[in-house]
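Have a look at the structure below before the remarks.
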2 protein chains.
Amino acid sequence: MTVDFWFEFASTYSYPAAMRIEDVAARNGVSIRWRPFLLGPIFKELGWNDSPFNLQPAKGRYMWRDLERLCASLQIPFTRPTSFPRNGLLAARIACHFSAEPWLPAFVRAVYRANFAEDRDIGSCDTLESCLQAAHQDPAPILALADDPAVKDALRAQTQEAMRLGVFGAPFFVVGGNELFWGNDRLEDAIAWCVAAGASTS
Amino acid sequence: MTVDFWFEFASTYSYPAAMRIEDVAARNGVSIRWRPFLLGPIFKELGWNDSPFNLQPAKGRYMWRDLERLCASLQIPFTRPTSFPRNGLLAARIACHFSAEPWLPAFVRAVYRANFAEDRDIGSCDTLESCLQAAHQDPAPILALADDPAVKDALRAQTQEAMRLGVFGAPFFVVGGNELFWGNDRLEDAIAWCVAAGASTS
């Protein structure tokens, strides 16, 4: 029983989802496939050159307040970033290439914490170095890989796959390759769907 | 303790919210102010001439599947309307003018059922007649009022107030005039916020 977790490091509602998903999945005997991708190319297809939370000020104001309330109720630390959206490209390349490594979830959470709890620039190598150290990895060889053409291509292909699936925001949870759940609010529903699907086929 | 319930008759996620809100509020000792408005003028300000669920096909496909799953889990009947969005103008004028009447909630639910369970044209007088009858009202004098300039102006003013509050979709729940909750998913949170605010001031 596996849920595909599609996330983008700049995405606000991906933050609580990323902090919670491993626990919720483990409690239900579900495993997670970590699928980082980029929202930029998807928004570009829609004719947008920025996050809808910046393009629509009322929606943006609402989101920041909602996220603040949500993190408080989930007891997840939150500081509104002074810059939004931050550039998650390097982090996404790393997470895509190392997506099956046991240290990957700790790295993903460290990057989200840097962005949404510590107000740090997740586009910088300095920040990613400390995030890799938080996941007990030697940063230098991993950061060097982020410029490898094959690593870049893998993230591009993964973003294309997100589009093909019908992903239009983040986070998305996908069960069985075609049952889509959008947003942190749907995490528990996706896990329950996965458990029910597993029970009906076993 | 009062929650303002901002809804639009064409809005898909307003449907489960409208069907549930009276029960959820009553169980918590909260009263509801019914605030119909139109999304059209709000979307127009954003440069949109249609629902985002039509303008963004992936988002639309997702929404219909999500709504189907949601209604099934809430045991609310659902049939995907053959036309979307339907024209809720007349229904909204009536609901705005009679918003404080004891029969109003039954009328609102009848209109939503017509749109999202019975696939009927809620823009037609025939449908609204039967919705008013379902709320035990004589349709003729009420429908006649829908062309009254003062009734039209009241709905325009209410839509302006929605914009001023920062409403950019539907449904919205507003507590204390400035705490906003967006979407059927946030109904319980809004009611809980209202109860907590009431407890802290009493």
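Chain labels A, B, ... are given in the sequence in which chains occur in the structure tokens; within each chain residues are numbered consecutively from 1, and ligands are likewise numbered from 1 in the order shown.
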
Glu22 of chain A surroundings by only C-alpha atoms, 8 Å radius, close-in-sequence under 4 positions cut, as a PDB file with N, CA, C and O atoms, in the first residue's frame:
ATOM      1  N   ALA A  18       4.024  17.766   4.550  1.00  0.00           N
ATOM      2  CA  ALA A  18       5.344  17.112   4.609  1.00  0.00           C
ATOM      3  C   ALA A  18       5.736  16.793   6.050  1.00  0.00           C
ATOM      4  O   ALA A  18       6.371  15.760   6.310  1.00  0.00           O
ATOM      5  N   ALA A  26       2.645   5.826   8.503  1.00  0.00           N
ATOM      6  CA  ALA A  26       3.173   4.711   9.300  1.00  0.00           C
ATOM      7  C   ALA A  26       2.100   4.149  10.239  1.00  0.00           C
ATOM      8  O   ALA A  26       1.966   2.927  10.375  1.00  0.00           O
ATOM      9  N   ILE A  32       5.162   5.656   1.613  1.00  0.00           N
ATOM     10  CA  ILE A  32       5.098   6.916   0.857  1.00  0.00           C
ATOM     11  C   ILE A  32       6.118   6.887  -0.260  1.00  0.00           C
ATOM     12  O   ILE A  32       7.264   6.495  -0.045  1.00  0.00           O
ATOM     13  N   PRO A 105      13.259  11.782   3.838  1.00  0.00           N
ATOM     14  CA  PRO A 105      12.209  12.490   4.585  1.00  0.00           C
ATOM     15  C   PRO A 105      12.764  13.525   5.559  1.00  0.00           C
ATOM     16  O   PRO A 105      12.207  14.622   5.684  1.00  0.00           O
TER      17      PRO A 105
END

Could you build a table of the residues in chain B lying no more than 9 Å from chain A, giving for each the nearest pair of atoms and their separation in Å rounded to one decimal place, using only C-alpha atoms, ordered by chain and ascending residue number, as CSV?
residue,atom,partner,partner_atom,distance
B:Leu46,CA,A:Gln56,CA,7.5
B:Gln56,CA,A:Leu46,CA,7.5
B:Pro57,CA,A:Gly166,CA,8.9
B:Ala58,CA,A:Gly166,CA,5.3
B:Lys59,CA,A:Phe168,CA,6.5
B:Arg61,CA,A:Gly166,CA,8.3
B:Tyr62,CA,A:Leu180,CA,7.3
B:Arg65,CA,A:Leu180,CA,8.6
B:Asp66,CA,A:Phe181,CA,7.5
B:Met163,CA,A:Ala58,CA,8.8
B:Leu165,CA,A:Ala58,CA,9.0
B:Gly166,CA,A:Ala58,CA,5.3
B:Val167,CA,A:Ala58,CA,7.2
B:Phe168,CA,A:Lys59,CA,6.5
B:Gly169,CA,A:Lys59,CA,8.8
B:Glu179,CA,A:Arg65,CA,8.9
B:Leu180,CA,A:Tyr62,CA,7.3
B:Phe181,CA,A:Asp66,CA,7.5
B:Trp182,CA,A:Tyr62,CA,8.4
B:Asp185,CA,A:Asp185,CA,7.6

Requested write-out: C-alpha atoms of the selected residues, as a compact mmCIF listing (two decimals), in the first residue's frame:
# COMPACT_ATOMS: atom_id res chain seq x y z
CA LEU B 46 -9.86 38.97 -11.43
CA GLN B 56 -8.65 25.29 -15.64
CA PRO B 57 -9.70 21.85 -16.94
CA ALA B 58 -7.43 19.84 -14.58
CA LYS B 59 -8.83 21.72 -11.59
CA ARG B 61 -11.86 17.41 -13.37
CA TYR B 62 -10.41 17.15 -9.88
CA ARG B 65 -14.34 13.77 -8.56
CA ASP B 66 -13.59 15.29 -5.15
CA MET B 163 -15.53 41.72 -1.74
CA LEU B 165 -14.38 41.33 3.51
CA GLY B 166 -11.91 39.58 1.19
CA VAL B 167 -14.25 36.83 -0.01
CA PHE B 168 -12.83 35.41 -3.27
CA GLY B 169 -14.74 32.11 -3.61
CA GLU B 179 -12.05 35.79 10.91
CA LEU B 180 -12.50 34.07 7.54
CA PHE B 181 -12.82 30.35 6.81
CA TRP B 182 -12.98 29.19 3.19
CA ASP B 185 -13.77 21.68 4.75

Identify which of the residues A:Leu89, A:Val30, A:Leu67, A:Ile76 lies closest to Arg156 of chain A, counting only C-alpha atoms when measuring atom-to-atom distances.
A:Leu89

Write down as a ChimeraX atom specification the residues belonging to segment 17-90 of chain A that are assigned helix (DSSP H, G or I) by DSSP computed on the backbone.
/A:17-27,40-45,52-55,57-74,89-90

Mind pulling up the distance from atom CA of Arg33 of chain B to atom CA of Glu129 of chain B?
23.5 Å

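Every protein or nucleic acid residue with an atom no more than 12 Å from Pro141 of chain A, counting only C-alpha atoms and leaving out same-chain residues fewer than 5 positions away, appears here: A:Ile94, A:Glu129, A:Leu132, A:Ala146, A:Asp147, A:Asp148.
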
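For segment 6-187 of chain A, the set of residues given strand (DSSP E or B) by DSSP on the backbone reads Trp6, Phe7, Ser31, Ile32, Arg33, Trp34, Arg35, Pro36, Phe172, Phe173, Val174, Val175, Glu179, Leu180, Phe181 and Trp182 of chain A.
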
Within 7 Å of segment 78-83 of chain B, counting only C-alpha atoms, which residues qualify if same-chain residues fewer than 5 places away don't, as a PDB file with N, CA and C atoms, in the first residue's frame?
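Heads up, here's the output in around_3.pdb:
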ATOM      1  N   GLU B  68     -17.838  14.407  -5.703  1.00  0.00           N
ATOM      2  CA  GLU B  68     -18.542  13.117  -5.725  1.00  0.00           C
ATOM      3  C   GLU B  68     -18.154  12.271  -4.500  1.00  0.00           C
ATOM      4  N   CYS B  71     -19.517  14.034  -1.206  1.00  0.00           N
ATOM      5  CA  CYS B  71     -20.959  13.861  -0.985  1.00  0.00           C
ATOM      6  C   CYS B  71     -21.251  12.417  -0.582  1.00  0.00           C
ATOM      7  N   ASN B 115     -30.030  21.946  -8.029  1.00  0.00           N
ATOM      8  CA  ASN B 115     -28.824  22.128  -8.860  1.00  0.00           C
ATOM      9  C   ASN B 115     -27.938  20.886  -8.843  1.00  0.00           C
ATOM     10  N   PHE B 116     -27.644  20.361  -7.655  1.00  0.00           N
ATOM     11  CA  PHE B 116     -26.580  19.367  -7.534  1.00  0.00           C
ATOM     12  C   PHE B 116     -27.057  17.940  -7.231  1.00  0.00           C
ATOM     13  N   ALA B 117     -28.359  17.751  -7.040  1.00  0.00           N
ATOM     14  CA  ALA B 117     -28.850  16.378  -6.862  1.00  0.00           C
ATOM     15  C   ALA B 117     -29.862  16.022  -7.943  1.00  0.00           C
ATOM     16  N   GLU B 118     -30.588  17.068  -8.454  1.00  0.00           N
ATOM     17  CA  GLU B 118     -31.674  16.785  -9.402  1.00  0.00           C
ATOM     18  C   GLU B 118     -31.378  17.320 -10.809  1.00  0.00           C
ATOM     19  N   ASP B 119     -30.225  17.964 -10.974  1.00  0.00           N
ATOM     20  CA  ASP B 119     -29.808  18.485 -12.276  1.00  0.00           C
ATOM     21  C   ASP B 119     -30.892  19.326 -12.940  1.00  0.00           C
TER      22      ASP B 119
END

I'd like the neighbourhood of Tyr112 of chain B as a list in words, where a residue qualifies if any of its atoms comes within 10 Å (using only C-alpha atoms), though same-chain residues fewer than 6 positions away should be ignored.
Glu8, Phe9, Ala10, Ser11, Thr12, Ser14, Tyr15, Pro16, Ala18, Met19, Gly88, Glu118, Asp119, Arg120, Ile122 and Cys131 of chain B

Hey, can you spit out that residue selection with N, CA and C atoms as a PDB file, in the first residue's frame?
ATOM      1  N   GLU B   8     -22.946  30.968  -2.665  1.00  0.00           N
ATOM      2  CA  GLU B   8     -23.383  31.301  -4.039  1.00  0.00           C
ATOM      3  C   GLU B   8     -24.059  30.039  -4.565  1.00  0.00           C
ATOM      4  N   PHE B   9     -25.250  30.188  -5.149  1.00  0.00           N
ATOM      5  CA  PHE B   9     -26.033  29.005  -5.525  1.00  0.00           C
ATOM      6  C   PHE B   9     -25.373  28.173  -6.625  1.00  0.00           C
ATOM      7  N   ALA B  10     -24.487  28.765  -7.404  1.00  0.00           N
ATOM      8  CA  ALA B  10     -23.802  28.005  -8.453  1.00  0.00           C
ATOM      9  C   ALA B  10     -22.596  27.243  -7.922  1.00  0.00           C
ATOM     10  N   SER B  11     -22.164  27.563  -6.696  1.00  0.00           N
ATOM     11  CA  SER B  11     -20.880  27.050  -6.181  1.00  0.00           C
ATOM     12  C   SER B  11     -20.997  25.617  -5.696  1.00  0.00           C
ATOM     13  N   THR B  12     -20.107  24.789  -6.215  1.00  0.00           N
ATOM     14  CA  THR B  12     -20.178  23.352  -5.943  1.00  0.00           C
ATOM     15  C   THR B  12     -19.934  23.028  -4.466  1.00  0.00           C
ATOM     16  N   SER B  14     -20.261  24.954  -1.993  1.00  0.00           N
ATOM     17  CA  SER B  14     -21.292  25.537  -1.128  1.00  0.00           C
ATOM     18  C   SER B  14     -22.427  24.540  -0.892  1.00  0.00           C
ATOM     19  N   TYR B  15     -22.587  23.593  -1.808  1.00  0.00           N
ATOM     20  CA  TYR B  15     -23.689  22.629  -1.698  1.00  0.00           C
ATOM     21  C   TYR B  15     -23.593  21.794  -0.409  1.00  0.00           C
ATOM     22  N   PRO B  16     -22.506  21.021  -0.199  1.00  0.00           N
ATOM     23  CA  PRO B  16     -22.458  20.268   1.064  1.00  0.00           C
ATOM     24  C   PRO B  16     -22.474  21.190   2.289  1.00  0.00           C
ATOM     25  N   ALA B  18     -24.076  24.056   2.629  1.00  0.00           N
ATOM     26  CA  ALA B  18     -25.458  24.497   2.869  1.00  0.00           C
ATOM     27  C   ALA B  18     -26.317  23.377   3.440  1.00  0.00           C
ATOM     28  N   MET B  19     -26.049  22.162   3.013  1.00  0.00           N
ATOM     29  CA  MET B  19     -26.843  21.035   3.508  1.00  0.00           C
ATOM     30  C   MET B  19     -26.523  20.730   4.969  1.00  0.00           C
ATOM     31  N   GLY B  88     -27.560  31.522 -10.597  1.00  0.00           N
ATOM     32  CA  GLY B  88     -28.212  31.622  -9.298  1.00  0.00           C
ATOM     33  C   GLY B  88     -28.734  33.010  -8.968  1.00  0.00           C
ATOM     34  N   GLU B 118     -30.588  17.068  -8.454  1.00  0.00           N
ATOM     35  CA  GLU B 118     -31.674  16.785  -9.402  1.00  0.00           C
ATOM     36  C   GLU B 118     -31.378  17.320 -10.809  1.00  0.00           C
ATOM     37  N   ASP B 119     -30.225  17.964 -10.974  1.00  0.00           N
ATOM     38  CA  ASP B 119     -29.808  18.485 -12.276  1.00  0.00           C
ATOM     39  C   ASP B 119     -30.892  19.326 -12.940  1.00  0.00           C
ATOM     40  N   ARG B 120     -31.450  20.256 -12.162  1.00  0.00           N
ATOM     41  CA  ARG B 120     -32.477  21.152 -12.717  1.00  0.00           C
ATOM     42  C   ARG B 120     -31.913  22.556 -12.869  1.00  0.00           C
ATOM     43  N   ILE B 122     -31.698  26.016 -12.017  1.00  0.00           N
ATOM     44  CA  ILE B 122     -32.121  26.879 -10.909  1.00  0.00           C
ATOM     45  C   ILE B 122     -32.330  28.326 -11.334  1.00  0.00           C
ATOM     46  N   CYS B 131     -39.074  25.093  -5.455  1.00  0.00           N
ATOM     47  CA  CYS B 131     -38.206  25.247  -4.271  1.00  0.00           C
ATOM     48  C   CYS B 131     -38.920  26.047  -3.179  1.00  0.00           C
TER      49      CYS B 131
END

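Across the model, the gap from atom CA of Phe173 of chain B to atom CA of Ala17 of chain B is 9.8 Å.
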
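Counting only C-alpha atoms, His97 of chain B has the following residues at most 9 Å away, ignoring those fewer than 6 positions along the same chain: Leu145, Ala146, Val151, Lys152, Ala154 and Leu155 of chain B.
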
With N, CA, C and O atoms kept, could you save the residues just selected as a PDB file, in the first residue's frame?
ATOM      1  N   LEU B 145     -41.200  39.746  -6.418  1.00  0.00           N
ATOM      2  CA  LEU B 145     -40.260  40.652  -5.758  1.00  0.00           C
ATOM      3  C   LEU B 145     -38.854  40.615  -6.363  1.00  0.00           C
ATOM      4  O   LEU B 145     -38.061  41.548  -6.178  1.00  0.00           O
ATOM      5  N   ALA B 146     -38.530  39.502  -7.040  1.00  0.00           N
ATOM      6  CA  ALA B 146     -37.175  39.351  -7.560  1.00  0.00           C
ATOM      7  C   ALA B 146     -36.825  40.401  -8.613  1.00  0.00           C
ATOM      8  O   ALA B 146     -35.651  40.590  -8.939  1.00  0.00           O
ATOM      9  N   VAL B 151     -34.676  45.137  -4.225  1.00  0.00           N
ATOM     10  CA  VAL B 151     -34.209  43.759  -3.989  1.00  0.00           C
ATOM     11  C   VAL B 151     -32.932  43.489  -4.777  1.00  0.00           C
ATOM     12  O   VAL B 151     -31.974  42.893  -4.272  1.00  0.00           O
ATOM     13  N   LYS B 152     -32.912  43.973  -6.039  1.00  0.00           N
ATOM     14  CA  LYS B 152     -31.701  43.844  -6.856  1.00  0.00           C
ATOM     15  C   LYS B 152     -30.522  44.568  -6.199  1.00  0.00           C
ATOM     16  O   LYS B 152     -29.407  44.050  -6.124  1.00  0.00           O
ATOM     17  N   ALA B 154     -30.070  45.286  -3.105  1.00  0.00           N
ATOM     18  CA  ALA B 154     -29.619  44.658  -1.852  1.00  0.00           C
ATOM     19  C   ALA B 154     -28.620  43.543  -2.142  1.00  0.00           C
ATOM     20  O   ALA B 154     -27.612  43.402  -1.431  1.00  0.00           O
ATOM     21  N   LEU B 155     -28.872  42.772  -3.197  1.00  0.00           N
ATOM     22  CA  LEU B 155     -27.930  41.702  -3.540  1.00  0.00           C
ATOM     23  C   LEU B 155     -26.608  42.293  -4.057  1.00  0.00           C
ATOM     24  O   LEU B 155     -25.522  41.792  -3.724  1.00  0.00           O
TER      25      LEU B 155
END
